[in-house]
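Q: Supplied structure: final.pdb, PDB, C-alpha atoms, pLDDT in the B column.
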```
ATOM      1  CA  GLU A   1      -0.128  51.346  -9.925  1.00 68.00           C
ATOM      2  CA  ALA A   2      -3.830  52.148 -10.147  1.00 83.00           C
ATOM      3  CA  GLY A   3      -4.995  55.201  -8.223  1.00 92.00           C
ATOM      4  CA  VAL A   4      -7.993  55.731  -5.993  1.00 95.00           C
ATOM      5  CA  ALA A   5     -11.190  55.084  -7.943  1.00 96.00           C
ATOM      6  CA  GLN A   6     -14.503  56.805  -7.226  1.00 97.00           C
ATOM      7  CA  SER A   7     -17.940  56.566  -8.764  1.00 97.00           C
ATOM      8  CA  PRO A   8     -20.072  58.162  -9.913  1.00 97.00           C
ATOM      9  CA  ARG A   9     -18.161  61.255 -11.012  1.00 95.00           C
ATOM     10  CA  TYR A  10     -21.279  63.413 -11.032  1.00 96.00           C
ATOM     11  CA  LYS A  11     -24.670  63.119  -9.376  1.00 97.00           C
ATOM     12  CA  ILE A  12     -27.682  65.400  -9.392  1.00 98.00           C
ATOM     13  CA  ILE A  13     -30.539  64.718  -6.978  1.00 97.00           C
ATOM     14  CA  GLU A  14     -33.400  66.566  -5.382  1.00 97.00           C
ATOM     15  CA  LYS A  15     -33.439  67.439  -1.714  1.00 96.00           C
ATOM     16  CA  ARG A  16     -34.703  64.697   0.587  1.00 97.00           C
ATOM     17  CA  GLN A  17     -33.530  62.012  -1.831  1.00 97.00           C
ATOM     18  CA  SER A  18     -30.814  59.507  -0.974  1.00 97.00           C
ATOM     19  CA  VAL A  19     -27.443  59.087  -2.655  1.00 98.00           C
ATOM     20  CA  ALA A  20     -24.444  56.796  -2.296  1.00 98.00           C
ATOM     21  CA  PHE A  21     -20.841  57.167  -3.360  1.00 98.00           C
ATOM     22  CA  TRP A  22     -18.324  54.394  -3.866  1.00 97.00           C
ATOM     23  CA  CYS A  23     -14.565  54.384  -3.358  1.00 97.00           C
ATOM     24  CA  ASN A  24     -11.928  51.784  -4.165  1.00 96.00           C
ATOM     25  CA  PRO A  25      -8.585  52.673  -2.552  1.00 95.00           C
ATOM     26  CA  ILE A  26      -5.123  51.853  -3.786  1.00 94.00           C
ATOM     27  CA  SER A  27      -4.401  48.176  -3.282  1.00 92.00           C
ATOM     28  CA  GLY A  28      -2.847  47.469   0.085  1.00 89.00           C
ATOM     29  CA  HIS A  29      -3.703  50.824   1.632  1.00 91.00           C
ATOM     30  CA  ALA A  30      -5.052  50.278   5.120  1.00 88.00           C
ATOM     31  CA  THR A  31      -6.318  53.789   5.780  1.00 89.00           C
ATOM     32  CA  LEU A  32      -9.242  55.329   3.903  1.00 92.00           C
ATOM     33  CA  TYR A  33     -10.645  58.844   4.220  1.00 93.00           C
ATOM     34  CA  TRP A  34     -13.789  60.627   3.019  1.00 96.00           C
ATOM     35  CA  TYR A  35     -13.655  64.407   2.624  1.00 96.00           C
ATOM     36  CA  GLN A  36     -16.303  66.985   1.746  1.00 97.00           C
ATOM     37  CA  GLN A  37     -15.130  69.943  -0.348  1.00 95.00           C
ATOM     38  CA  ILE A  38     -17.640  72.772  -0.637  1.00 95.00           C
ATOM     39  CA  LEU A  39     -17.047  75.247  -3.455  1.00 91.00           C
ATOM     40  CA  GLY A  40     -14.437  77.811  -2.449  1.00 87.00           C
ATOM     41  CA  GLN A  41     -13.249  75.852   0.567  1.00 90.00           C
ATOM     42  CA  GLY A  42     -10.608  73.292   1.358  1.00 92.00           C
ATOM     43  CA  PRO A  43     -11.518  69.650   1.895  1.00 94.00           C
ATOM     44  CA  LYS A  44     -12.961  68.782   5.293  1.00 94.00           C
ATOM     45  CA  LEU A  45     -12.492  65.315   6.748  1.00 93.00           C
ATOM     46  CA  LEU A  46     -15.766  63.469   7.298  1.00 96.00           C
ATOM     47  CA  ILE A  47     -14.598  60.028   8.352  1.00 94.00           C
ATOM     48  CA  GLN A  48     -11.437  57.962   8.525  1.00 91.00           C
ATOM     49  CA  PHE A  49     -11.137  54.168   8.499  1.00 90.00           C
ATOM     50  CA  GLN A  50      -8.212  52.007   9.512  1.00 87.00           C
ATOM     51  CA  ASN A  51      -8.897  48.692   7.778  1.00 86.00           C
ATOM     52  CA  ASN A  52     -12.637  48.286   8.437  1.00 83.00           C
ATOM     53  CA  GLY A  53     -12.741  50.149  11.744  1.00 89.00           C
ATOM     54  CA  VAL A  54     -13.627  53.818  12.223  1.00 90.00           C
ATOM     55  CA  VAL A  55     -10.755  55.950  13.578  1.00 86.00           C
ATOM     56  CA  ASP A  56     -12.373  59.387  13.449  1.00 87.00           C
ATOM     57  CA  ASP A  57     -15.928  60.361  12.512  1.00 92.00           C
ATOM     58  CA  SER A  58     -16.214  63.448  14.688  1.00 90.00           C
ATOM     59  CA  GLN A  59     -17.186  65.700  11.764  1.00 91.00           C
ATOM     60  CA  LEU A  60     -19.624  63.318  10.110  1.00 95.00           C
ATOM     61  CA  PRO A  61     -23.260  64.526  10.380  1.00 94.00           C
ATOM     62  CA  LYS A  62     -24.475  61.211  11.656  1.00 94.00           C
ATOM     63  CA  ASP A  63     -28.171  62.101  11.443  1.00 95.00           C
ATOM     64  CA  ARG A  64     -27.959  61.915   7.647  1.00 97.00           C
ATOM     65  CA  PHE A  65     -24.518  60.630   6.659  1.00 97.00           C
ATOM     66  CA  SER A  66     -23.275  57.075   7.039  1.00 97.00           C
ATOM     67  CA  ALA A  67     -20.224  55.240   5.790  1.00 97.00           C
ATOM     68  CA  GLU A  68     -18.941  51.718   5.832  1.00 95.00           C
ATOM     69  CA  ARG A  69     -15.854  49.870   4.740  1.00 94.00           C
ATOM     70  CA  LEU A  70     -16.635  46.209   4.486  1.00 83.00           C
ATOM     71  CA  LYS A  71     -13.685  43.785   4.437  1.00 85.00           C
ATOM     72  CA  GLY A  72     -11.263  46.679   4.801  1.00 83.00           C
ATOM     73  CA  VAL A  73     -11.169  47.523   1.082  1.00 92.00           C
ATOM     74  CA  ASP A  74     -13.981  49.355  -0.745  1.00 95.00           C
ATOM     75  CA  SER A  75     -16.042  51.974   1.017  1.00 97.00           C
ATOM     76  CA  THR A  76     -19.424  53.608   0.505  1.00 97.00           C
ATOM     77  CA  LEU A  77     -20.632  56.971   1.791  1.00 98.00           C
ATOM     78  CA  LYS A  78     -24.376  57.540   1.953  1.00 98.00           C
ATOM     79  CA  ILE A  79     -26.488  60.622   2.470  1.00 98.00           C
ATOM     80  CA  GLN A  80     -30.115  60.134   3.480  1.00 97.00           C
ATOM     81  CA  PRO A  81     -31.956  62.473   3.149  1.00 96.00           C
ATOM     82  CA  ALA A  82     -29.907  65.038   1.243  1.00 97.00           C
ATOM     83  CA  LYS A  83     -30.104  68.763   1.918  1.00 97.00           C
ATOM     84  CA  LEU A  84     -29.228  71.674  -0.336  1.00 97.00           C
ATOM     85  CA  GLU A  85     -26.096  72.380   1.713  1.00 96.00           C
ATOM     86  CA  ASP A  86     -24.751  68.908   0.916  1.00 97.00           C
ATOM     87  CA  SER A  87     -23.887  70.105  -2.591  1.00 98.00           C
ATOM     88  CA  ALA A  88     -20.131  69.589  -2.747  1.00 97.00           C
ATOM     89  CA  VAL A  89     -17.367  67.412  -4.112  1.00 96.00           C
ATOM     90  CA  TYR A  90     -16.842  64.253  -2.080  1.00 97.00           C
ATOM     91  CA  LEU A  91     -13.258  63.099  -2.150  1.00 96.00           C
ATOM     92  CA  CYS A  92     -11.941  59.718  -1.146  1.00 96.00           C
ATOM     93  CA  ALA A  93      -8.293  59.253  -0.190  1.00 94.00           C
ATOM     94  CA  SER A  94      -6.162  56.355   0.975  1.00 92.00           C
ATOM     95  CA  SER A  95      -2.759  55.926   2.581  1.00 88.00           C
ATOM     96  CA  PRO A  96      -0.563  52.945   3.382  1.00 84.00           C
ATOM     97  CA  SER A  97      -0.854  53.572   7.100  1.00 72.00           C
ATOM     98  CA  LEU A  98      -1.644  56.243   9.596  1.00 62.00           C
ATOM     99  CA  GLY A  99       0.447  59.384   9.254  1.00 60.00           C
ATOM    100  CA  ASN A 100       1.558  58.739   5.696  1.00 71.00           C
ATOM    101  CA  GLU A 101       0.867  60.677   2.532  1.00 81.00           C
ATOM    102  CA  GLN A 102      -2.743  60.516   1.382  1.00 88.00           C
ATOM    103  CA  PHE A 103      -3.571  59.759  -2.251  1.00 90.00           C
ATOM    104  CA  PHE A 104      -6.795  61.302  -3.520  1.00 93.00           C
ATOM    105  CA  GLY A 105      -9.359  60.096  -6.010  1.00 94.00           C
ATOM    106  CA  PRO A 106     -10.970  62.390  -8.620  1.00 93.00           C
ATOM    107  CA  GLY A 107     -14.036  63.008  -6.442  1.00 95.00           C
ATOM    108  CA  THR A 108     -17.789  62.885  -6.925  1.00 96.00           C
ATOM    109  CA  ARG A 109     -19.511  66.174  -7.587  1.00 96.00           C
ATOM    110  CA  LEU A 110     -22.945  66.192  -5.928  1.00 98.00           C
ATOM    111  CA  THR A 111     -25.582  68.765  -6.772  1.00 97.00           C
ATOM    112  CA  VAL A 112     -28.706  68.865  -4.612  1.00 97.00           C
ATOM    113  CA  LEU A 113     -31.616  70.777  -6.155  1.00 97.00           C
TER     114      LEU A 113
ATOM    115  CA  ALA B 114      -7.042  72.377  17.322  1.00 79.00           C
ATOM    116  CA  GLN B 115      -4.907  72.872  14.270  1.00 85.00           C
ATOM    117  CA  SER B 116      -5.728  75.408  11.569  1.00 91.00           C
ATOM    118  CA  VAL B 117      -4.278  76.667   8.300  1.00 95.00           C
ATOM    119  CA  THR B 118      -4.494  80.142   6.801  1.00 96.00           C
ATOM    120  CA  GLN B 119      -3.858  80.891   3.163  1.00 97.00           C
ATOM    121  CA  PRO B 120      -4.207  84.666   3.006  1.00 96.00           C
ATOM    122  CA  ASP B 121      -4.264  84.972  -0.790  1.00 95.00           C
ATOM    123  CA  ILE B 122      -7.467  83.733  -2.416  1.00 95.00           C
ATOM    124  CA  HIS B 123      -6.330  84.584  -5.955  1.00 96.00           C
ATOM    125  CA  ILE B 124      -2.890  85.229  -7.391  1.00 97.00           C
ATOM    126  CA  THR B 125      -2.010  86.123 -10.988  1.00 97.00           C
ATOM    127  CA  VAL B 126       1.532  85.878 -12.310  1.00 97.00           C
ATOM    128  CA  SER B 127       3.089  86.072 -15.748  1.00 97.00           C
ATOM    129  CA  GLU B 128       4.582  82.965 -17.258  1.00 97.00           C
ATOM    130  CA  GLY B 129       8.272  82.799 -16.398  1.00 97.00           C
ATOM    131  CA  ALA B 130       7.883  84.924 -13.275  1.00 97.00           C
ATOM    132  CA  SER B 131       8.621  83.640  -9.800  1.00 97.00           C
ATOM    133  CA  LEU B 132       5.870  82.517  -7.456  1.00 97.00           C
ATOM    134  CA  GLU B 133       5.359  82.432  -3.723  1.00 98.00           C
ATOM    135  CA  LEU B 134       2.144  81.165  -2.109  1.00 98.00           C
ATOM    136  CA  ARG B 135       1.752  81.871   1.581  1.00 98.00           C
ATOM    137  CA  CYS B 136       0.666  79.434   4.251  1.00 98.00           C
ATOM    138  CA  ASN B 137       0.476  79.937   8.008  1.00 97.00           C
ATOM    139  CA  TYR B 138      -0.477  77.193  10.401  1.00 94.00           C
ATOM    140  CA  SER B 139      -1.486  76.826  13.989  1.00 91.00           C
ATOM    141  CA  TYR B 140      -0.557  73.647  15.824  1.00 84.00           C
ATOM    142  CA  GLY B 141       0.754  72.940  19.298  1.00 74.00           C
ATOM    143  CA  ALA B 142       3.478  70.462  18.407  1.00 77.00           C
ATOM    144  CA  THR B 143       5.766  69.845  15.465  1.00 75.00           C
ATOM    145  CA  PRO B 144       3.451  69.674  12.499  1.00 84.00           C
ATOM    146  CA  TYR B 145       3.386  67.570   9.405  1.00 89.00           C
ATOM    147  CA  LEU B 146       2.928  70.026   6.518  1.00 93.00           C
ATOM    148  CA  PHE B 147       1.781  69.447   2.973  1.00 94.00           C
ATOM    149  CA  TRP B 148       1.112  71.314  -0.241  1.00 97.00           C
ATOM    150  CA  TYR B 149      -1.413  69.840  -2.677  1.00 96.00           C
ATOM    151  CA  VAL B 150      -2.466  71.045  -6.125  1.00 97.00           C
ATOM    152  CA  GLN B 151      -5.918  70.582  -7.632  1.00 94.00           C
ATOM    153  CA  SER B 152      -6.691  71.085 -11.302  1.00 91.00           C
ATOM    154  CA  PRO B 153     -10.314  71.550 -12.403  1.00 84.00           C
ATOM    155  CA  GLY B 154     -12.290  68.322 -12.109  1.00 78.00           C
ATOM    156  CA  GLN B 155      -9.353  66.509 -10.595  1.00 81.00           C
ATOM    157  CA  GLY B 156      -8.465  65.187  -7.190  1.00 85.00           C
ATOM    158  CA  LEU B 157      -5.631  66.588  -5.105  1.00 92.00           C
ATOM    159  CA  GLN B 158      -2.057  65.796  -6.041  1.00 93.00           C
ATOM    160  CA  LEU B 159       0.723  66.029  -3.476  1.00 93.00           C
ATOM    161  CA  LEU B 160       3.446  68.530  -4.398  1.00 96.00           C
ATOM    162  CA  LEU B 161       5.641  68.147  -1.324  1.00 95.00           C
ATOM    163  CA  LYS B 162       5.614  67.383   2.375  1.00 92.00           C
ATOM    164  CA  TYR B 163       7.550  68.230   5.505  1.00 92.00           C
ATOM    165  CA  PHE B 164       7.785  65.770   8.368  1.00 86.00           C
ATOM    166  CA  SER B 165      11.148  66.647   9.963  1.00 84.00           C
ATOM    167  CA  GLY B 166      14.760  67.401   9.101  1.00 86.00           C
ATOM    168  CA  ASP B 167      15.818  69.887   6.460  1.00 88.00           C
ATOM    169  CA  THR B 168      13.453  72.837   6.531  1.00 91.00           C
ATOM    170  CA  LEU B 169      13.747  73.430   2.779  1.00 96.00           C
ATOM    171  CA  VAL B 170      11.733  70.763   1.003  1.00 96.00           C
ATOM    172  CA  GLN B 171      11.883  69.975  -2.691  1.00 96.00           C
ATOM    173  CA  GLY B 172       8.812  68.694  -4.467  1.00 96.00           C
ATOM    174  CA  ILE B 173       7.569  67.740  -7.889  1.00 95.00           C
ATOM    175  CA  LYS B 174       7.206  70.065 -10.872  1.00 94.00           C
ATOM    176  CA  GLY B 175      10.016  72.339  -9.655  1.00 96.00           C
ATOM    177  CA  PHE B 176       8.237  73.467  -6.469  1.00 97.00           C
ATOM    178  CA  GLU B 177       9.884  73.939  -3.083  1.00 98.00           C
ATOM    179  CA  ALA B 178       8.705  75.049   0.338  1.00 98.00           C
ATOM    180  CA  GLU B 179      10.437  76.304   3.450  1.00 96.00           C
ATOM    181  CA  PHE B 180       9.308  75.485   6.981  1.00 94.00           C
ATOM    182  CA  LYS B 181       9.852  78.408   9.356  1.00 94.00           C
ATOM    183  CA  ARG B 182       8.895  77.453  12.877  1.00 92.00           C
ATOM    184  CA  SER B 183       9.394  80.985  14.245  1.00 92.00           C
ATOM    185  CA  GLN B 184       6.859  82.351  11.769  1.00 94.00           C
ATOM    186  CA  SER B 185       4.551  79.303  11.733  1.00 93.00           C
ATOM    187  CA  SER B 186       4.823  79.386   7.970  1.00 96.00           C
ATOM    188  CA  PHE B 187       5.287  76.931   5.134  1.00 97.00           C
ATOM    189  CA  ASN B 188       5.365  79.023   1.953  1.00 98.00           C
ATOM    190  CA  LEU B 189       5.443  77.411  -1.475  1.00 98.00           C
ATOM    191  CA  ARG B 190       7.813  78.753  -4.121  1.00 98.00           C
ATOM    192  CA  LYS B 191       8.698  78.225  -7.739  1.00 98.00           C
ATOM    193  CA  PRO B 192      11.396  80.235  -9.538  1.00 97.00           C
ATOM    194  CA  SER B 193       9.730  80.225 -12.957  1.00 97.00           C
ATOM    195  CA  VAL B 194       6.029  79.552 -13.449  1.00 97.00           C
ATOM    196  CA  HIS B 195       4.679  77.643 -16.463  1.00 96.00           C
ATOM    197  CA  TRP B 196       1.194  78.115 -17.921  1.00 95.00           C
ATOM    198  CA  SER B 197       0.378  74.540 -16.869  1.00 94.00           C
ATOM    199  CA  ASP B 198       0.834  75.527 -13.208  1.00 96.00           C
ATOM    200  CA  ALA B 199      -2.521  77.331 -13.242  1.00 96.00           C
ATOM    201  CA  ALA B 200      -4.588  75.483 -10.640  1.00 96.00           C
ATOM    202  CA  GLU B 201      -5.724  75.710  -7.032  1.00 96.00           C
ATOM    203  CA  TYR B 202      -3.139  75.130  -4.322  1.00 98.00           C
ATOM    204  CA  PHE B 203      -3.925  73.882  -0.850  1.00 97.00           C
ATOM    205  CA  CYS B 204      -1.724  73.926   2.216  1.00 97.00           C
ATOM    206  CA  ALA B 205      -2.508  71.351   4.908  1.00 95.00           C
ATOM    207  CA  VAL B 206      -1.306  70.502   8.379  1.00 92.00           C
ATOM    208  CA  GLY B 207      -1.401  66.927   9.646  1.00 87.00           C
ATOM    209  CA  ALA B 208      -1.648  65.939  13.263  1.00 77.00           C
ATOM    210  CA  VAL B 209      -1.344  62.589  14.940  1.00 70.00           C
ATOM    211  CA  LEU B 210      -4.330  62.049  17.197  1.00 62.00           C
ATOM    212  CA  THR B 211      -4.222  60.630  20.687  1.00 61.00           C
ATOM    213  CA  GLY B 212      -5.415  57.067  20.520  1.00 54.00           C
ATOM    214  CA  GLY B 213      -4.372  56.617  16.943  1.00 55.00           C
ATOM    215  CA  GLY B 214      -5.191  58.136  13.641  1.00 59.00           C
ATOM    216  CA  ASN B 215      -4.126  61.330  12.024  1.00 68.00           C
ATOM    217  CA  LYS B 216      -5.998  64.266  10.631  1.00 79.00           C
ATOM    218  CA  LEU B 217      -5.331  66.658   7.754  1.00 88.00           C
ATOM    219  CA  THR B 218      -6.666  70.189   8.079  1.00 92.00           C
ATOM    220  CA  PHE B 219      -6.674  72.147   4.840  1.00 95.00           C
ATOM    221  CA  GLY B 220      -6.550  75.845   4.148  1.00 96.00           C
ATOM    222  CA  THR B 221      -9.137  77.469   1.903  1.00 95.00           C
ATOM    223  CA  GLY B 222      -6.811  77.377  -1.090  1.00 96.00           C
ATOM    224  CA  THR B 223      -5.130  79.858  -3.432  1.00 97.00           C
ATOM    225  CA  GLN B 224      -6.268  80.020  -7.047  1.00 97.00           C
ATOM    226  CA  LEU B 225      -3.294  80.623  -9.333  1.00 97.00           C
ATOM    227  CA  LYS B 226      -3.778  82.212 -12.747  1.00 97.00           C
ATOM    228  CA  VAL B 227      -0.875  82.370 -15.183  1.00 97.00           C
ATOM    229  CA  GLU B 228      -0.824  85.071 -17.839  1.00 96.00           C
ATOM    230  CA  LEU B 229       0.922  84.258 -21.104  1.00 90.00           C
TER     231      LEU B 229
END
```
I need this file expressed as structure tokens, please.

A:
Amino acid sequence: EAGVAQSPRYKIIEKRQSVAFWCNPISGHATLYWYQQILGQGPKLLIQFQNNGVVDDSQLPKDRFSAERLKGVDSTLKIQPAKLEDSAVYLCASSPSLGNEQFFGPGTRLTVL
Amino acid sequence: AQSVTQPDIHITVSEGASLELRCNYSYGATPYLFWYVQSPGQGLQLLLKYFSGDTLVQGIKGFEAEFKRSQSSFNLRKPSVHWSDAAEYFCAVGAVLTGGGNKLTFGTGTQLKVEL
């Protein structure tokens, strides 16, 4: 069974630029999560989708971050414009349904200069 | 709101020695509890989980954890550590949200170093 795929693995941009991350969950998983993991901290949930609907985006900085999950499969997370404090690893996870174990992708390491 | 405390930022043990990583949680109802491991450049891998039932949970790679409601703890243990266990370990509490959805709250992690 293929795991959660994310791309790119690494991205370096300058502040005020835009960036997008892509996630392909495990086939058949209805729930998809985006986390932000700042160095030295645990992952923090940004947004959660159930199929293509948003379940929880209370910690998503909506003035600069956006996410979508078209057709209930792949998802993209965008930052526009980026700030220095956005430097982090962005993790995507999926689970078969709400409340079940989450399976994590390898993450995208973003550096904002 | 739920929270997780991992009081040890770094722990060093000798290969073959026993290990215990501490985790304390705060949550108003019966929690779902997890331990994940993260190797450098990798995503998080689930070691074990507690949803209900037996309070001693067995996981992968020889790890186990014990849920103690009276102490609000979910400590991770391994009787004999291998050099390949060096990684960062995260405890997490999961909560089902009103109106649907669930939410994982992670601790800040414990970095494990294994001395040969």

Q: Identify every residue of chain A that has at least one atom within 10 Å of any atom of chain B, counting only C-alpha atoms, and report the result as number ranges by chain.

A: A: 4, 9, 31, 33, 37, 39-45, 47-50, 54-56, 89-93, 97-109

Q: When you draw a straight line from atom CA of Ser131 of chain B to atom CA of Ser152 of chain B, how long is it in Å?

A: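 Between these atoms lies a distance of 19.9 Å.
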
Q: Counting all atoms listed in the file, what is within 8 Å of segment 132-140 of chain B, bar same-chain residues fewer than 5 positions away, as a list of chain:residue names?

A: B:Ala114, B:Gln115, B:Ser116, B:Val117, B:Thr118, B:Gln119, B:Pro120, B:Asp121, B:Val126, B:Gln184, B:Ser185, B:Ser186, B:Phe187, B:Asn188, B:Leu189, B:Arg190, B:Lys191, B:Pro192, B:Ser193, B:Val194, B:Cys204, B:Val206, B:Thr223

Q: Save the residues we just selected, C-alpha atoms, as a PDB file, in the frame of the given file?

A:
```pdb
ATOM      1  CA  ALA B 114      -7.042  72.377  17.322  1.00 79.00           C
ATOM      2  CA  GLN B 115      -4.907  72.872  14.270  1.00 85.00           C
ATOM      3  CA  SER B 116      -5.728  75.408  11.569  1.00 91.00           C
ATOM      4  CA  VAL B 117      -4.278  76.667   8.300  1.00 95.00           C
ATOM      5  CA  THR B 118      -4.494  80.142   6.801  1.00 96.00           C
ATOM      6  CA  GLN B 119      -3.858  80.891   3.163  1.00 97.00           C
ATOM      7  CA  PRO B 120      -4.207  84.666   3.006  1.00 96.00           C
ATOM      8  CA  ASP B 121      -4.264  84.972  -0.790  1.00 95.00           C
ATOM      9  CA  VAL B 126       1.532  85.878 -12.310  1.00 97.00           C
ATOM     10  CA  GLN B 184       6.859  82.351  11.769  1.00 94.00           C
ATOM     11  CA  SER B 185       4.551  79.303  11.733  1.00 93.00           C
ATOM     12  CA  SER B 186       4.823  79.386   7.970  1.00 96.00           C
ATOM     13  CA  PHE B 187       5.287  76.931   5.134  1.00 97.00           C
ATOM     14  CA  ASN B 188       5.365  79.023   1.953  1.00 98.00           C
ATOM     15  CA  LEU B 189       5.443  77.411  -1.475  1.00 98.00           C
ATOM     16  CA  ARG B 190       7.813  78.753  -4.121  1.00 98.00           C
ATOM     17  CA  LYS B 191       8.698  78.225  -7.739  1.00 98.00           C
ATOM     18  CA  PRO B 192      11.396  80.235  -9.538  1.00 97.00           C
ATOM     19  CA  SER B 193       9.730  80.225 -12.957  1.00 97.00           C
ATOM     20  CA  VAL B 194       6.029  79.552 -13.449  1.00 97.00           C
ATOM     21  CA  CYS B 204      -1.724  73.926   2.216  1.00 97.00           C
ATOM     22  CA  VAL B 206      -1.306  70.502   8.379  1.00 92.00           C
ATOM     23  CA  THR B 223      -5.130  79.858  -3.432  1.00 97.00           C
TER      24      THR B 223
END
```

Q: Output the residue selection produced by the PyMOL selection byres ((chain A and resi 86) around 8) on the file above, formatted as an MDAnalysis selection string.

A: chainID A and resid 82:85 87:88 110:112

Q: Take the selection from the previous step and output its residues with C-alpha atoms, as a compact mmCIF listing (two decimals), in the coordinates of the input.

A:
```txt
# COMPACT_ATOMS: atom_id res chain seq x y z
CA ALA A 82 -29.91 65.04 1.24
CA LYS A 83 -30.10 68.76 1.92
CA LEU A 84 -29.23 71.67 -0.34
CA GLU A 85 -26.10 72.38 1.71
CA SER A 87 -23.89 70.10 -2.59
CA ALA A 88 -20.13 69.59 -2.75
CA LEU A 110 -22.94 66.19 -5.93
CA THR A 111 -25.58 68.76 -6.77
CA VAL A 112 -28.71 68.86 -4.61
```

Q: What does the distance from atom CA of Lys174 of chain B to atom CA of Ala130 of chain B come to in Å, to one decimal?

A: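 Pair atom CA of Lys174 of chain B / atom CA of Ala130 of chain B returns 15.1 Å.
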
Q: Given the file above and the PyMOL selection byres ((chain B and resi 196) around 12), which residues are selected, and can you give them as a PDB file with C-alpha atoms, keeping the file's coordinate frame?

A:
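For reference, result02.pdb as written:
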```pdb
ATOM      1  CA  THR B 125      -2.010  86.123 -10.988  1.00 97.00           C
ATOM      2  CA  VAL B 126       1.532  85.878 -12.310  1.00 97.00           C
ATOM      3  CA  SER B 127       3.089  86.072 -15.748  1.00 97.00           C
ATOM      4  CA  GLU B 128       4.582  82.965 -17.258  1.00 97.00           C
ATOM      5  CA  GLY B 129       8.272  82.799 -16.398  1.00 97.00           C
ATOM      6  CA  ALA B 130       7.883  84.924 -13.275  1.00 97.00           C
ATOM      7  CA  SER B 193       9.730  80.225 -12.957  1.00 97.00           C
ATOM      8  CA  VAL B 194       6.029  79.552 -13.449  1.00 97.00           C
ATOM      9  CA  HIS B 195       4.679  77.643 -16.463  1.00 96.00           C
ATOM     10  CA  SER B 197       0.378  74.540 -16.869  1.00 94.00           C
ATOM     11  CA  ASP B 198       0.834  75.527 -13.208  1.00 96.00           C
ATOM     12  CA  ALA B 199      -2.521  77.331 -13.242  1.00 96.00           C
ATOM     13  CA  ALA B 200      -4.588  75.483 -10.640  1.00 96.00           C
ATOM     14  CA  LEU B 225      -3.294  80.623  -9.333  1.00 97.00           C
ATOM     15  CA  LYS B 226      -3.778  82.212 -12.747  1.00 97.00           C
ATOM     16  CA  VAL B 227      -0.875  82.370 -15.183  1.00 97.00           C
ATOM     17  CA  GLU B 228      -0.824  85.071 -17.839  1.00 96.00           C
ATOM     18  CA  LEU B 229       0.922  84.258 -21.104  1.00 90.00           C
TER      19      LEU B 229
END
```

Q: What is the atom CA of Val19 of chain A-atom CA of Gln80 of chain A distance in Å, reported with one decimal?

A: 6.8 Å

Q: Can you tell me which residues surround Thr168 of chain B at a distance of at most 10 Å, considering only C-alpha atoms, apart from same-chain residues fewer than 2 positions away, and format the answer as a count of residues only?

A: 12
